[in-house]
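The structure appears below as structure tokens.
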Amino acid sequence: MALSSPTFSVVIPTYNRAQLLLRAVHSVLNQTFQDFEIVIADDASTDGIDATELSQLDSRIVYVRRQENGGNAAARNTGVTAAKGRYIAFLDDDDEYMPHFLEESARVLQSQPDSVGFSWSGIQKVKEENEKEVVVEERIWMPTYRNREDAYVSFLRSRRVGTDCGLVVKRSCFDVVGLFDESLRKAVDTDMLIRLVRNYDFVVVPSIQVKIHDHAGPRVRKNAAAGADAYARIIAKHLETIQQHPSLWAALHYKTGWLFYHAKNRAQGRAYLLKALSRRPFFFKAWSALILFETFGTEAPQVHRQISQQKEQMFG
């Protein structure tokens with residue numbers, strides 16, 4: 001019988017990744033800290049995930065299947081709603097926890113005051129090359145802020161962690177900030193983390209505890225239209241704060257503008273870039289993007305990508 005109230009509920013949303021899912025599940029079962037349940041939130045997969053096989057792996061596995069595919073946010077909400085743990089940890093179905101992830105997360109979180117509502121950890125990115133696993137990157141992001149307001153504004157401007165970075169959230173936090181926004185098809189974790197940091201302090205597990213697999217396949221992060229829509233919604237949600245910071249206003253409208261251009265929505269792209277320039281008239285990147293996209297039309301996204309890739313190669 002599964003634990004009635006474990007310390008951790010590890011939520012694994014999944015869709016059509018039956019084999020990869022097993023790897024993720026085993027990385028939880030192999031944890032040094034064993035007071036957990038695993039909540040698998042199946043977003044109406046069609047690749048034959050065997051619920052019976054999963055339940056036979058361990059009695060702490062809870063399998064919940066959605067009747068209709070609802071996307072990333074909906075699957076995570078299904079998992080959160082079914083979870084019974086004090087802390088809810090998120091694991092993507094194609095990634096893995098290092099063996100001490102739960103132990104280290106518990107050690108760090110349980111030593112914090114009540115004002116701390118969530119944590120993340122360091123990550124290791126890997127990819128397959130010639131049938132070998134190659135480490136691409138290792139990163140631990142440990143920002144410091146003067147106060148919660150500074151953190152909130154900073155997360156609106158740019159955020160370097162997501163649910164794939166070993167995000168752990170106190171279950172009680174969802175009663176305050178709400179669940180994941182199911183109207184979004186991209187930047188789902190961005191939206192959630194902005195809401196979390198607005199209401200709670202955070203703590204970082206100062207070690208590499210999550211392995212992120214870089215692999216081929218369809219990814220929502222490459223969907224420019226979904227990204228543009230998501231950032232437009234985020235701007236609308238936090239408009240009052242964004243209006244108070246001209247550089248933040250410009251940065252977010254610039255990002256949303258070029259996403260709309262990449263999605264071949266020239267009218268919206270132009271509108272957002274002009275809004276960026278209305279508060280920051282000498283914003284060189286916004287002017288450059290506006291001229292580029294208005295000059296090259298449908299070819300501009302390809303030109304923009306080439307310029308961006310060249311800059312990355314030159315400056316790292």
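Every chain in the structure tokens has a letter given in the order shown (A, B, ...), and although residue numbers restart at 1 in each chain, ligands are simply numbered from 1 in the order shown.
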DSSP on the backbone, helix (DSSP H, G or I) only: what residues of range 139-283 of chain A does that give? Format it as an MDAnalysis selection string. chainID A and resid 148:157 163:165 173:177 188:199 220:222 224:237 239:243 246:262 266:279
Output of the above residues as a compact mmCIF listing (two decimals), in the first residue's frame, restricted to C-alpha atoms:
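Heads up, here's the output in again_25.txt:
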```txt
# COMPACT_ATOMS: atom_id res chain seq x y z
CA ARG A 148 11.39 39.40 -2.61
CA GLU A 149 10.35 42.30 -4.84
CA ASP A 150 13.79 42.36 -6.46
CA ALA A 151 13.55 38.61 -7.04
CA TYR A 152 10.10 38.98 -8.58
CA VAL A 153 11.25 41.68 -11.02
CA SER A 154 14.37 39.68 -11.87
CA PHE A 155 12.36 36.55 -12.64
CA LEU A 156 10.09 38.60 -14.88
CA ARG A 157 13.14 39.84 -16.77
CA THR A 163 10.66 22.45 -13.56
CA ASP A 164 13.47 20.39 -15.11
CA CYS A 165 15.98 21.84 -12.63
CA CYS A 173 2.13 26.94 -1.89
CA PHE A 174 -0.36 25.88 -4.55
CA ASP A 175 -3.20 27.01 -2.29
CA VAL A 176 -1.76 30.54 -2.56
CA VAL A 177 -0.39 30.80 -6.11
CA VAL A 188 4.44 27.04 -18.30
CA ASP A 189 7.22 26.79 -15.73
CA THR A 190 8.22 30.43 -16.33
CA ASP A 191 4.73 31.54 -15.39
CA MET A 192 4.64 29.32 -12.30
CA LEU A 193 8.07 30.37 -11.02
CA ILE A 194 7.21 34.06 -11.38
CA ARG A 195 4.12 33.49 -9.24
CA LEU A 196 6.08 31.47 -6.70
CA VAL A 197 8.89 33.99 -6.32
CA ARG A 198 6.36 36.78 -5.90
CA ASN A 199 4.91 35.06 -2.84
CA VAL A 220 7.21 22.80 -27.43
CA ARG A 221 10.09 25.18 -26.76
CA LYS A 222 10.61 25.42 -30.55
CA ALA A 224 7.37 30.32 -31.68
CA ALA A 225 3.62 30.95 -31.85
CA ALA A 226 3.04 29.25 -28.50
CA GLY A 227 5.96 31.19 -27.04
CA ALA A 228 4.65 34.52 -28.30
CA ASP A 229 1.19 33.82 -26.92
CA ALA A 230 2.65 32.76 -23.56
CA TYR A 231 4.76 35.89 -23.13
CA ALA A 232 1.89 38.12 -24.19
CA ARG A 233 -0.21 36.51 -21.43
CA ILE A 234 2.61 36.87 -18.87
CA ILE A 235 2.93 40.57 -19.70
CA ALA A 236 -0.82 41.01 -19.23
CA LYS A 237 -0.76 39.19 -15.87
CA LEU A 239 1.36 44.57 -16.35
CA GLU A 240 1.16 46.83 -13.29
CA THR A 241 4.67 45.86 -12.15
CA ILE A 242 6.14 45.81 -15.66
CA GLN A 243 4.91 49.35 -16.31
CA PRO A 246 10.95 50.79 -18.39
CA SER A 247 13.87 48.45 -19.11
CA LEU A 248 11.79 45.42 -18.06
CA TRP A 249 8.90 46.66 -20.22
CA ALA A 250 11.24 47.00 -23.19
CA ALA A 251 12.90 43.60 -22.67
CA LEU A 252 9.65 41.66 -22.42
CA HIS A 253 8.00 43.42 -25.36
CA TYR A 254 11.15 42.89 -27.44
CA LYS A 255 11.17 39.15 -26.66
CA THR A 256 7.46 38.83 -27.40
CA GLY A 257 7.84 40.84 -30.60
CA TRP A 258 10.51 38.70 -32.18
CA LEU A 259 8.63 35.56 -31.15
CA PHE A 260 5.61 36.84 -33.06
CA TYR A 261 7.83 37.62 -36.06
CA HIS A 262 9.29 34.09 -35.92
CA ARG A 266 4.26 40.45 -38.65
CA ALA A 267 1.53 42.76 -37.36
CA GLN A 268 1.84 41.57 -33.76
CA GLY A 269 5.63 41.42 -33.98
CA ARG A 270 5.78 45.02 -35.15
CA ALA A 271 3.32 46.14 -32.47
CA TYR A 272 5.33 44.62 -29.62
CA LEU A 273 8.68 45.93 -30.86
CA LEU A 274 7.20 49.42 -31.19
CA LYS A 275 5.91 49.13 -27.62
CA ALA A 276 9.42 48.19 -26.49
CA LEU A 277 10.82 51.27 -28.24
CA SER A 278 8.12 53.51 -26.77
CA ARG A 279 9.69 53.16 -23.34
```
If DSSP is run on the backbone, what residues of range 56-282 of chain A are strand (DSSP E or B)? A reply as a ChimeraX atom specification would be ideal. /A:61-65,87-90,96-97,116-129,132-139,168-170,201-214
Which residues of range 23-127 of chain A come within 10 Å of range 206-217 of chain A, and what is each one's closest atom pair and distance in Å (one decimal), counting only C-alpha atoms, sorted by chain and residue number, as CSV?
```
residue,atom,partner,partner_atom,distance
A:Ala24,CA,A:Lys211,CA,9.9
A:Ser27,CA,A:Val210,CA,9.9
A:Leu91,CA,A:Val210,CA,8.8
A:Asp92,CA,A:Ile212,CA,8.6
A:Asp94,CA,A:His213,CA,6.5
A:Asp95,CA,A:Ile212,CA,4.9
A:Glu96,CA,A:Lys211,CA,5.1
A:Tyr97,CA,A:Val210,CA,4.6
A:Met98,CA,A:Gln209,CA,4.9
A:Pro99,CA,A:Gln209,CA,7.7
A:His100,CA,A:Gln209,CA,6.9
A:Phe101,CA,A:Gln209,CA,5.1
A:Leu102,CA,A:Gln209,CA,8.8
A:Glu104,CA,A:Gln209,CA,8.4
A:Ser105,CA,A:Gln209,CA,9.2
A:Val108,CA,A:Pro206,CA,9.2
A:Trp120,CA,A:Pro206,CA,8.9
A:Ser121,CA,A:Gln209,CA,6.1
A:Gly122,CA,A:Ile208,CA,4.1
A:Ile123,CA,A:Val210,CA,4.8
A:Gln124,CA,A:Lys211,CA,4.9
A:Lys125,CA,A:Ile212,CA,4.7
A:Val126,CA,A:His213,CA,5.2
A:Lys127,CA,A:Asp214,CA,5.0
```
Query raised in the report: If you count only C-alpha atoms, which residues fall within 12 Å of Arg76 in chain A, apart from same-chain ones fewer than 2 positions away, as number ranges by chain?
Result: A: 10-15, 39-43, 64-66, 69-74, 78-83, 88-93, 163, 179-182, 188-189, 192
May I have the selected residues written with N, CA and C atoms, as a short mmCIF file (atom, residue, chain, number, x, y, z; two decimals), in the first residue's frame?
```
data_model
loop_
_atom_site.label_atom_id
_atom_site.label_comp_id
_atom_site.auth_asym_id
_atom_site.auth_seq_id
_atom_site.Cartn_x
_atom_site.Cartn_y
_atom_site.Cartn_z
N VAL A 10 6.68 12.82 -6.11
CA VAL A 10 7.42 13.12 -7.33
C VAL A 10 6.45 13.01 -8.50
N VAL A 11 6.13 14.14 -9.11
CA VAL A 11 5.17 14.19 -10.21
C VAL A 11 5.92 14.08 -11.53
N ILE A 12 5.57 13.07 -12.31
CA ILE A 12 6.19 12.86 -13.63
C ILE A 12 5.10 12.95 -14.69
N PRO A 13 4.95 14.09 -15.35
CA PRO A 13 4.01 14.16 -16.47
C PRO A 13 4.60 13.44 -17.67
N THR A 14 3.78 12.74 -18.42
CA THR A 14 4.33 11.98 -19.53
C THR A 14 3.35 11.96 -20.70
N TYR A 15 3.94 11.88 -21.90
CA TYR A 15 3.14 11.74 -23.11
C TYR A 15 3.96 11.03 -24.18
N VAL A 39 3.93 10.00 -8.69
CA VAL A 39 2.65 10.22 -9.35
C VAL A 39 2.92 10.41 -10.84
N ILE A 40 2.55 9.43 -11.63
CA ILE A 40 2.71 9.50 -13.08
C ILE A 40 1.43 10.06 -13.67
N ALA A 41 1.53 11.23 -14.28
CA ALA A 41 0.37 11.89 -14.89
C ALA A 41 0.45 11.70 -16.40
N ASP A 42 -0.28 10.73 -16.91
CA ASP A 42 -0.26 10.38 -18.33
C ASP A 42 -1.24 11.27 -19.09
N ASP A 43 -0.70 12.08 -20.00
CA ASP A 43 -1.51 13.04 -20.75
C ASP A 43 -2.11 12.39 -21.99
N VAL A 64 -2.05 8.04 -12.98
CA VAL A 64 -3.28 8.77 -13.28
C VAL A 64 -3.28 9.09 -14.77
N ARG A 65 -4.31 8.66 -15.46
CA ARG A 65 -4.38 8.90 -16.91
C ARG A 65 -5.46 9.92 -17.24
N ARG A 66 -5.10 10.95 -18.00
CA ARG A 66 -6.06 11.91 -18.50
C ARG A 66 -6.78 11.31 -19.72
N ASN A 69 -5.71 14.73 -24.20
CA ASN A 69 -4.42 15.41 -24.11
C ASN A 69 -4.64 16.88 -23.82
N GLY A 70 -4.05 17.37 -22.74
CA GLY A 70 -4.26 18.75 -22.33
C GLY A 70 -3.01 19.60 -22.34
N GLY A 71 -1.86 18.97 -22.59
CA GLY A 71 -0.61 19.72 -22.62
C GLY A 71 0.12 19.69 -21.28
N ASN A 72 1.28 20.33 -21.29
CA ASN A 72 2.20 20.31 -20.16
C ASN A 72 1.55 20.73 -18.86
N ALA A 73 0.89 21.89 -18.87
CA ALA A 73 0.30 22.42 -17.63
C ALA A 73 -0.79 21.51 -17.10
N ALA A 74 -1.64 21.03 -17.97
CA ALA A 74 -2.74 20.18 -17.54
C ALA A 74 -2.23 18.88 -16.92
N THR A 78 -2.76 17.61 -13.08
CA THR A 78 -3.31 16.30 -12.76
C THR A 78 -2.46 15.62 -11.69
N GLY A 79 -1.13 15.73 -11.86
CA GLY A 79 -0.23 15.13 -10.88
C GLY A 79 -0.29 15.82 -9.53
N VAL A 80 -0.29 17.14 -9.53
CA VAL A 80 -0.34 17.90 -8.27
C VAL A 80 -1.63 17.59 -7.52
N THR A 81 -2.74 17.52 -8.23
CA THR A 81 -4.04 17.26 -7.60
C THR A 81 -4.07 15.88 -6.94
N ALA A 82 -3.40 14.91 -7.55
CA ALA A 82 -3.38 13.55 -7.01
C ALA A 82 -2.35 13.35 -5.91
N ALA A 83 -1.39 14.27 -5.81
CA ALA A 83 -0.27 14.11 -4.88
C ALA A 83 -0.70 14.27 -3.43
N ILE A 88 6.16 18.68 -3.25
CA ILE A 88 5.90 18.14 -4.59
C ILE A 88 7.10 18.44 -5.46
N ALA A 89 7.74 17.38 -5.94
CA ALA A 89 8.92 17.49 -6.80
C ALA A 89 8.51 17.15 -8.23
N PHE A 90 9.12 17.83 -9.18
CA PHE A 90 8.77 17.61 -10.59
C PHE A 90 9.95 17.00 -11.34
N LEU A 91 9.64 15.98 -12.12
CA LEU A 91 10.65 15.30 -12.94
C LEU A 91 10.08 15.09 -14.32
N ASP A 92 10.77 15.58 -15.36
CA ASP A 92 10.33 15.33 -16.73
C ASP A 92 10.55 13.86 -17.07
N ASP A 93 9.69 13.33 -17.94
CA ASP A 93 9.74 11.89 -18.22
C ASP A 93 10.98 11.46 -18.99
N THR A 163 11.05 23.66 -14.26
CA THR A 163 10.66 22.45 -13.56
C THR A 163 11.69 21.33 -13.76
N LEU A 179 -2.63 26.62 -9.46
CA LEU A 179 -1.98 25.57 -10.24
C LEU A 179 -1.34 26.15 -11.50
N PHE A 180 -0.78 25.29 -12.34
CA PHE A 180 -0.18 25.72 -13.60
C PHE A 180 -1.27 26.26 -14.53
N ASP A 181 -0.94 27.25 -15.31
CA ASP A 181 -1.90 27.91 -16.19
C ASP A 181 -2.11 27.05 -17.45
N GLU A 182 -3.27 26.43 -17.55
CA GLU A 182 -3.53 25.51 -18.66
C GLU A 182 -3.82 26.22 -19.97
N VAL A 188 5.29 27.44 -19.42
CA VAL A 188 4.44 27.04 -18.30
C VAL A 188 5.18 27.17 -16.98
N ASP A 189 6.44 26.70 -16.96
CA ASP A 189 7.22 26.79 -15.73
C ASP A 189 7.66 28.24 -15.45
N MET A 192 4.77 29.82 -13.67
CA MET A 192 4.64 29.32 -12.30
C MET A 192 5.72 29.87 -11.39
#
```
From the list A:Asn265, A:Gln34, A:Asn130, A:Ser9, the nearest residue to Leu167 in chain A using only C-alpha atoms is A:Ser9
